[in-house]
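Visitor: So that you have it, the file is entry.cif, and it contains mmCIF, C-alpha atoms:
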data_work
#
loop_
_atom_site.label_atom_id
_atom_site.label_comp_id
_atom_site.auth_asym_id
_atom_site.auth_seq_id
_atom_site.Cartn_x
_atom_site.Cartn_y
_atom_site.Cartn_z
CA MET A 1 138.22 69.58 150.81
CA ILE A 2 135.28 71.12 148.97
CA PHE A 3 134.32 72.99 152.16
CA LYS A 4 137.81 74.46 152.53
CA GLU A 5 137.87 75.57 148.89
CA SER A 6 134.41 77.19 149.23
CA LYS A 7 135.43 78.95 152.44
CA ALA A 8 138.61 80.29 150.82
CA SER A 9 136.60 81.52 147.84
CA ILE A 10 134.07 83.31 150.06
CA LEU A 11 136.80 84.98 152.12
CA GLN A 12 138.62 86.07 148.98
CA ASN A 13 135.42 87.64 147.59
CA LEU A 14 134.75 89.45 150.86
CA SER A 15 138.30 90.78 150.97
CA PHE A 16 138.02 92.07 147.40
CA SER A 17 134.66 93.72 148.13
CA LEU A 18 135.92 95.50 151.26
CA THR A 19 139.06 96.72 149.48
CA THR A 20 136.94 98.09 146.61
CA GLN A 21 134.65 99.92 149.05
CA LYS A 22 137.62 101.54 150.85
CA ILE A 23 139.06 102.77 147.55
CA ALA A 24 135.68 104.11 146.46
CA GLY A 25 135.27 105.88 149.80
CA LYS A 26 138.61 107.68 149.42
CA ASN A 27 137.79 108.82 145.91
CA SER A 28 134.26 110.11 146.58
CA ARG A 29 134.22 112.77 149.29
CA LYS A 30 131.00 114.50 148.13
CA PRO A 31 127.56 112.86 148.50
CA PHE A 32 126.23 111.39 145.28
CA VAL A 33 123.45 113.40 143.63
CA LYS A 34 121.56 112.04 140.65
CA PRO A 35 122.39 114.22 137.65
CA GLU A 36 118.78 114.31 136.44
CA LEU A 37 117.59 115.92 139.69
CA SER A 38 117.78 119.68 139.95
CA ILE A 39 119.17 121.20 143.14
CA ASP A 40 117.35 124.46 142.46
CA GLN A 41 115.24 125.07 145.58
CA SER A 42 112.01 125.92 143.76
CA GLN A 43 112.38 122.81 141.60
CA LEU A 44 113.00 120.64 144.68
CA GLU A 45 109.79 122.00 146.21
CA ALA A 46 107.84 121.22 143.03
CA ASP A 47 109.34 117.72 142.81
CA PHE A 48 108.49 116.97 146.44
CA ILE A 49 104.89 118.21 146.09
CA LYS A 50 104.36 116.19 142.91
CA ASN A 51 105.81 112.97 144.33
CA PHE A 52 104.11 113.36 147.73
CA LYS A 53 100.76 113.76 145.95
CA MET A 54 101.46 110.56 143.98
CA VAL A 55 101.58 108.61 147.27
CA SER A 56 98.25 110.11 148.47
CA GLY A 57 99.78 112.86 150.61
CA GLU A 58 98.39 116.39 150.85
CA THR A 59 100.44 119.59 150.79
CA LEU A 60 99.74 123.18 151.76
CA VAL A 61 102.36 125.79 150.82
CA LEU A 62 102.48 128.99 152.87
CA GLU A 63 103.95 132.23 151.62
CA ARG A 64 104.18 133.69 155.14
CA LYS A 65 105.25 131.88 158.31
CA GLU A 66 102.81 134.12 160.22
CA ASP A 67 99.95 132.15 158.63
CA LEU A 68 101.11 128.86 160.15
CA ARG A 69 98.91 128.89 163.23
CA ASP A 70 95.71 129.62 161.28
CA SER A 71 96.63 126.98 158.68
CA VAL A 72 97.25 124.30 161.32
CA ASN A 73 93.94 125.08 163.03
CA SER A 74 92.17 124.98 159.67
CA LEU A 75 93.57 121.51 158.93
CA ILE A 76 92.64 120.30 162.41
CA ARG A 77 89.04 121.36 161.76
CA GLU A 78 89.11 119.76 158.31
CA PHE A 79 90.26 116.45 159.80
CA GLY A 80 87.59 116.37 162.51
CA GLY A 81 88.82 118.70 165.23
CA GLY A 82 91.00 116.48 167.39
CA PRO A 83 91.97 115.65 170.09
CA ILE A 84 95.56 116.22 169.00
CA SER A 85 99.04 115.26 170.17
CA CYS A 86 102.17 117.10 169.09
CA TRP A 87 105.93 117.30 169.46
CA ASN A 88 107.39 119.36 172.29
CA THR A 89 109.45 121.69 170.07
CA GLU A 90 109.76 125.48 170.09
CA LEU A 91 107.92 125.81 166.77
CA LEU A 92 104.93 123.77 167.88
CA LYS A 93 104.83 125.33 171.34
CA SER A 94 104.64 128.75 169.65
CA LEU A 95 101.34 127.68 168.03
CA GLU A 96 99.76 127.35 171.51
CA LEU A 97 97.72 124.30 170.56
CA THR A 98 95.62 122.47 173.14
CA HIS A 99 96.96 118.95 172.95
CA GLU A 100 96.47 115.53 174.51
CA SER A 101 99.39 114.22 176.59
CA ASN A 102 98.38 110.60 175.95
CA ILE A 103 99.23 109.91 172.31
CA ALA A 104 96.93 106.88 172.26
CA ASN A 105 93.91 109.16 172.77
CA ALA A 106 94.79 111.52 169.91
CA ASP A 107 93.01 111.58 166.56
CA ILE A 108 95.62 113.89 165.00
CA GLY A 109 99.40 113.89 165.47
CA ILE A 110 101.30 117.07 164.65
CA THR A 111 105.06 117.03 164.12
CA GLY A 112 107.80 118.87 162.38
CA ALA A 113 109.74 117.29 159.53
CA ASP A 114 113.51 117.49 159.83
CA PHE A 115 114.01 116.80 156.12
CA ALA A 116 112.10 115.77 153.01
CA ILE A 117 113.31 113.81 149.98
CA ALA A 118 112.17 115.29 146.68
CA ASP A 119 112.50 112.31 144.34
CA THR A 120 110.34 109.98 146.47
CA GLY A 121 108.04 112.44 148.28
CA THR A 122 109.32 111.21 151.64
CA LEU A 123 109.30 112.97 155.02
CA VAL A 124 112.26 112.35 157.32
CA LEU A 125 111.69 112.62 161.08
CA LEU A 126 114.49 112.41 163.66
CA SER A 127 113.14 111.25 167.01
CA ASP A 128 114.23 112.15 170.53
CA SER A 129 112.58 112.65 173.94
CA ASN A 130 110.82 115.84 172.76
CA LYS A 131 109.90 114.37 169.37
CA PRO A 132 108.30 110.96 170.04
CA ARG A 133 108.01 108.69 167.00
CA LEU A 134 104.48 107.61 167.98
CA VAL A 135 103.05 111.10 167.36
CA SER A 136 103.54 110.49 163.63
CA ALA A 137 102.64 106.79 163.69
CA LEU A 138 99.75 106.21 166.12
CA PRO A 139 96.99 108.80 165.43
CA PRO A 140 94.84 108.23 162.29
CA VAL A 141 95.89 111.63 160.90
CA HIS A 142 99.41 113.06 160.70
CA ILE A 143 100.15 116.74 160.03
CA ALA A 144 103.81 117.64 159.48
CA ILE A 145 105.36 121.10 159.26
CA LEU A 146 108.26 121.27 156.81
CA GLU A 147 110.67 124.12 156.15
CA LYS A 148 111.22 124.34 152.40
CA THR A 149 114.98 124.73 152.82
CA ASN A 150 115.14 121.23 154.33
CA ILE A 151 114.16 119.48 151.09
CA VAL A 152 117.02 117.44 149.62
CA PRO A 153 117.15 115.89 146.13
CA ASP A 154 117.48 112.22 147.13
CA ILE A 155 118.47 109.83 149.89
CA HIS A 156 122.16 110.02 148.95
CA SER A 157 122.10 113.75 149.73
CA LEU A 158 120.33 113.11 153.04
CA PHE A 159 122.63 110.66 154.81
CA PRO A 160 125.66 112.96 155.25
CA GLN A 161 123.35 115.41 157.05
CA ILE A 162 121.81 112.93 159.50
CA PHE A 163 124.83 110.72 160.19
CA ASP A 164 125.24 110.28 163.97
CA THR A 165 122.41 112.74 164.72
CA CYS A 166 119.96 110.44 166.53
CA SER A 167 119.13 106.80 167.25
CA CYS A 168 115.84 106.68 165.35
CA VAL A 169 115.01 108.00 161.87
CA SER A 170 111.52 107.63 160.39
CA PHE A 171 110.91 107.72 156.64
CA ILE A 172 107.28 108.54 155.85
CA THR A 173 106.13 108.28 152.25
CA GLY A 174 102.46 109.19 152.39
CA PRO A 175 99.76 107.41 154.43
CA SER A 176 100.24 103.86 155.71
CA ARG A 177 99.65 101.39 152.86
CA THR A 178 98.79 97.70 153.20
CA ALA A 179 97.95 95.18 150.47
CA ASP A 180 96.50 91.71 151.03
CA ILE A 181 97.35 88.57 149.06
CA GLU A 182 94.96 89.70 146.30
CA LEU A 183 96.78 93.08 146.09
CA ASN A 184 93.81 95.08 147.35
CA LEU A 185 95.38 98.28 148.72
CA THR A 186 94.13 99.74 152.00
CA LEU A 187 95.28 102.99 153.61
CA GLY A 188 95.69 103.50 157.35
CA VAL A 189 95.84 99.93 158.67
CA HIS A 190 99.28 100.15 160.29
CA GLY A 191 99.57 103.91 160.66
CA PRO A 192 97.89 107.19 159.68
CA GLY A 193 95.36 106.98 156.87
CA LYS A 194 95.89 110.66 156.06
CA VAL A 195 99.13 112.63 155.96
CA ALA A 196 99.30 116.36 155.26
CA VAL A 197 102.37 118.61 155.03
CA ILE A 198 102.42 122.33 155.61
CA MET A 199 105.43 123.85 153.86
CA ILE A 200 106.80 127.10 155.28
#
Would you encode the structure as structure tokens?

Guide:
Amino acid sequence: MIFKESKASILQNLSFSLTTQKIAGKNSRKPFVKPELSIDQSQLEADFIKNFKMVSGETLVLERKEDLRDSVNSLIREFGGGPISCWNTELLKSLELTHESNIANADIGITGADFAIADTGTLVLLSDSNKPRLVSALPPVHIAILEKTNIVPDIHSLFPQIFDTCSCVSFITGPSRTADIELNLTLGVHGPGKVAVIMI
């Protein structure tokens, strides 16, 4: 008897929750944006840089896209010179970088960034056959190239833009962070220990 009453109560709560969600979905067609976050592009850039720095990330902002190749090569030298592995995209192919086909042998992974989230300093990477997820996860250093116009205020603004776009989405908020039972923080144990973003 008690079981039947509990089951009925659970089903009633689920039904109410689902009905509420359907009503909310009909009444909210636009993605939610936090009112305290500016959608001014220059402010989004500043917010992303500030929050990415807070999670130990590095940023380099370029005024001219023509400087990208020299900037990437400069960062490669700064991080030890390679070998590198990179995505097979038009932008990265245009840089004519000598790269390692075996990602496991690479010291530096170079990718694009499909989006970035300003309020958390998070990079968003959409993976496919030309954009392997391991390039951003396996090498000790990750360099990402981000177009400033792809910075969104928050995660609520992001999801409508990536819905049904690919089967794997990576959220990268700075270098890999691991803490033991005594809360001693270590970078780079389960992923890159250094992450740098070049903004174009």

Visitor: Could you please determine the separation between CA of Ser85 (chain A) and CA of Val152 (chain A) in Å, to one decimal place?

Guide: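 A separation of 27.4 Å between them.
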
Visitor: Using all atoms listed in the file, which residues sit within 6 Å of Trp87 (chain A) once same-chain residues fewer than 2 positions away are excluded, as a PyMOL selection string?

Guide: chain A and resi 89+111+131

Visitor: Name every residue that the PyMOL selection byres ((chain A and resi 190) around 9) selects in this structure, writing the answer as a list in words with chains first and numbers rising.

Guide: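 Selection result, ordered by chain and number: Ala137, Leu138, Ser176, Arg177, Thr178, Leu187, Gly188, Val189, Gly191, Pro192 and Gly193 of chain A.
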
Visitor: Give me the result of the PyMOL selection byres ((chain A and resi 157-167) around 9) on this file, residue by residue, as a VMD selection string.

Guide: chain A and resid 31 to 33 115 to 117 126 to 128 152 to 156 168 to 169

Visitor: What lies within 9 Å of region 105-108 of chain A using all atoms listed in the file, ignoring chain neighbours under 3 positions off, as a ChimeraX atom specification?

Guide: /A:76,79-86,99-102,135-136,138-143,192

Visitor: In Å, how far is it from CA of Ile181 (chain A) to CA of Ala196 (chain A)?

Guide: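 According to the coordinates, CA of Ile181 (chain A) and CA of Ala196 (chain A) are separated by 28.5 Å.
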
Visitor: CA of Leu123 (chain A) and CA of Phe171 (chain A), how far apart in Å?

Guide: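 Separating CA of Phe171 (chain A) from CA of Leu123 (chain A) is a distance of 5.7 Å.
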
Visitor: So, counting all atoms listed in the file, which residue among A:Val124, A:Leu75, A:Ile172, A:Leu60 is closest to Asn150 (chain A)?

Guide: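 Of A:Val124, A:Leu75, A:Ile172, A:Leu60, the one nearest Asn150 (chain A), counting all atoms listed in the file, is A:Val124.
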
Visitor: Regenerate region 44-80 of chain A at the level of N, CA and C atoms and dump it as a short mmCIF file (atom, residue, chain, number, x, y, z; two decimals), in the frame of the given file.

Guide:
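The new file out-v1.cif reads:
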data_model
loop_
_atom_site.label_atom_id
_atom_site.label_comp_id
_atom_site.auth_asym_id
_atom_site.auth_seq_id
_atom_site.Cartn_x
_atom_site.Cartn_y
_atom_site.Cartn_z
N LEU A 44 113.10 121.68 143.65
CA LEU A 44 113.00 120.64 144.68
C LEU A 44 111.63 120.67 145.34
N GLU A 45 111.12 121.87 145.62
CA GLU A 45 109.79 122.00 146.21
C GLU A 45 108.73 121.40 145.28
N ALA A 46 108.81 121.74 144.00
CA ALA A 46 107.84 121.22 143.03
C ALA A 46 107.92 119.71 142.91
N ASP A 47 109.16 119.17 142.90
CA ASP A 47 109.34 117.72 142.81
C ASP A 47 108.75 117.02 144.04
N PHE A 48 109.02 117.58 145.23
CA PHE A 48 108.49 116.97 146.44
C PHE A 48 106.96 116.97 146.43
N ILE A 49 106.35 118.11 146.11
CA ILE A 49 104.89 118.21 146.09
C ILE A 49 104.29 117.20 145.12
N LYS A 50 104.87 117.12 143.93
CA LYS A 50 104.36 116.19 142.91
C LYS A 50 104.45 114.74 143.39
N ASN A 51 105.61 114.36 143.92
CA ASN A 51 105.81 112.97 144.33
C ASN A 51 105.06 112.63 145.61
N PHE A 52 104.89 113.60 146.51
CA PHE A 52 104.11 113.36 147.73
C PHE A 52 102.63 113.16 147.38
N LYS A 53 102.15 113.91 146.41
CA LYS A 53 100.76 113.76 145.95
C LYS A 53 100.55 112.38 145.33
N MET A 54 101.57 111.87 144.63
CA MET A 54 101.46 110.56 143.98
C MET A 54 101.30 109.42 144.98
N VAL A 55 101.74 109.65 146.24
CA VAL A 55 101.58 108.61 147.27
C VAL A 55 100.45 108.97 148.23
N SER A 56 99.48 109.77 147.74
CA SER A 56 98.25 110.11 148.47
C SER A 56 98.46 111.10 149.61
N GLY A 57 99.56 111.82 149.61
CA GLY A 57 99.78 112.86 150.61
C GLY A 57 99.18 114.19 150.16
N GLU A 58 98.93 115.07 151.13
CA GLU A 58 98.39 116.39 150.85
C GLU A 58 99.42 117.45 151.24
N THR A 59 99.50 118.52 150.46
CA THR A 59 100.44 119.59 150.79
C THR A 59 99.75 120.95 150.80
N LEU A 60 100.21 121.80 151.69
CA LEU A 60 99.74 123.18 151.76
C LEU A 60 100.99 124.06 151.85
N VAL A 61 101.17 124.94 150.87
CA VAL A 61 102.36 125.79 150.82
C VAL A 61 102.00 127.19 151.30
N LEU A 62 102.73 127.67 152.32
CA LEU A 62 102.48 128.99 152.87
C LEU A 62 103.52 129.99 152.36
N GLU A 63 103.05 131.16 152.03
CA GLU A 63 103.95 132.23 151.62
C GLU A 63 104.53 132.96 152.84
N ARG A 64 103.74 132.98 153.93
CA ARG A 64 104.18 133.69 155.14
C ARG A 64 104.13 132.75 156.33
N LYS A 65 105.21 132.73 157.12
CA LYS A 65 105.25 131.88 158.31
C LYS A 65 104.21 132.31 159.34
N GLU A 66 103.81 133.59 159.28
CA GLU A 66 102.81 134.12 160.22
C GLU A 66 101.45 133.45 160.05
N ASP A 67 101.23 132.82 158.89
CA ASP A 67 99.95 132.15 158.63
C ASP A 67 99.91 130.72 159.15
N LEU A 68 101.01 130.26 159.75
CA LEU A 68 101.11 128.86 160.15
C LEU A 68 100.04 128.46 161.16
N ARG A 69 99.86 129.26 162.19
CA ARG A 69 98.91 128.89 163.23
C ARG A 69 97.50 128.73 162.68
N ASP A 70 97.05 129.70 161.87
CA ASP A 70 95.71 129.62 161.28
C ASP A 70 95.59 128.41 160.35
N SER A 71 96.66 128.12 159.61
CA SER A 71 96.63 126.98 158.68
C SER A 71 96.55 125.65 159.42
N VAL A 72 97.30 125.53 160.52
CA VAL A 72 97.25 124.30 161.32
C VAL A 72 95.86 124.11 161.90
N ASN A 73 95.29 125.17 162.47
CA ASN A 73 93.94 125.08 163.03
C ASN A 73 92.90 124.75 161.97
N SER A 74 93.09 125.28 160.77
CA SER A 74 92.17 124.98 159.67
C SER A 74 92.23 123.50 159.30
N LEU A 75 93.44 122.94 159.24
CA LEU A 75 93.57 121.51 158.93
C LEU A 75 93.00 120.65 160.04
N ILE A 76 93.20 121.06 161.28
CA ILE A 76 92.64 120.30 162.41
C ILE A 76 91.12 120.22 162.28
N ARG A 77 90.50 121.35 161.96
CA ARG A 77 89.04 121.36 161.76
C ARG A 77 88.64 120.48 160.58
N GLU A 78 89.41 120.56 159.50
CA GLU A 78 89.11 119.76 158.31
C GLU A 78 89.16 118.27 158.60
N PHE A 79 90.09 117.86 159.48
CA PHE A 79 90.26 116.45 159.80
C PHE A 79 89.45 116.01 161.02
N GLY A 80 88.50 116.81 161.45
CA GLY A 80 87.59 116.37 162.51
C GLY A 80 87.74 117.05 163.85
#
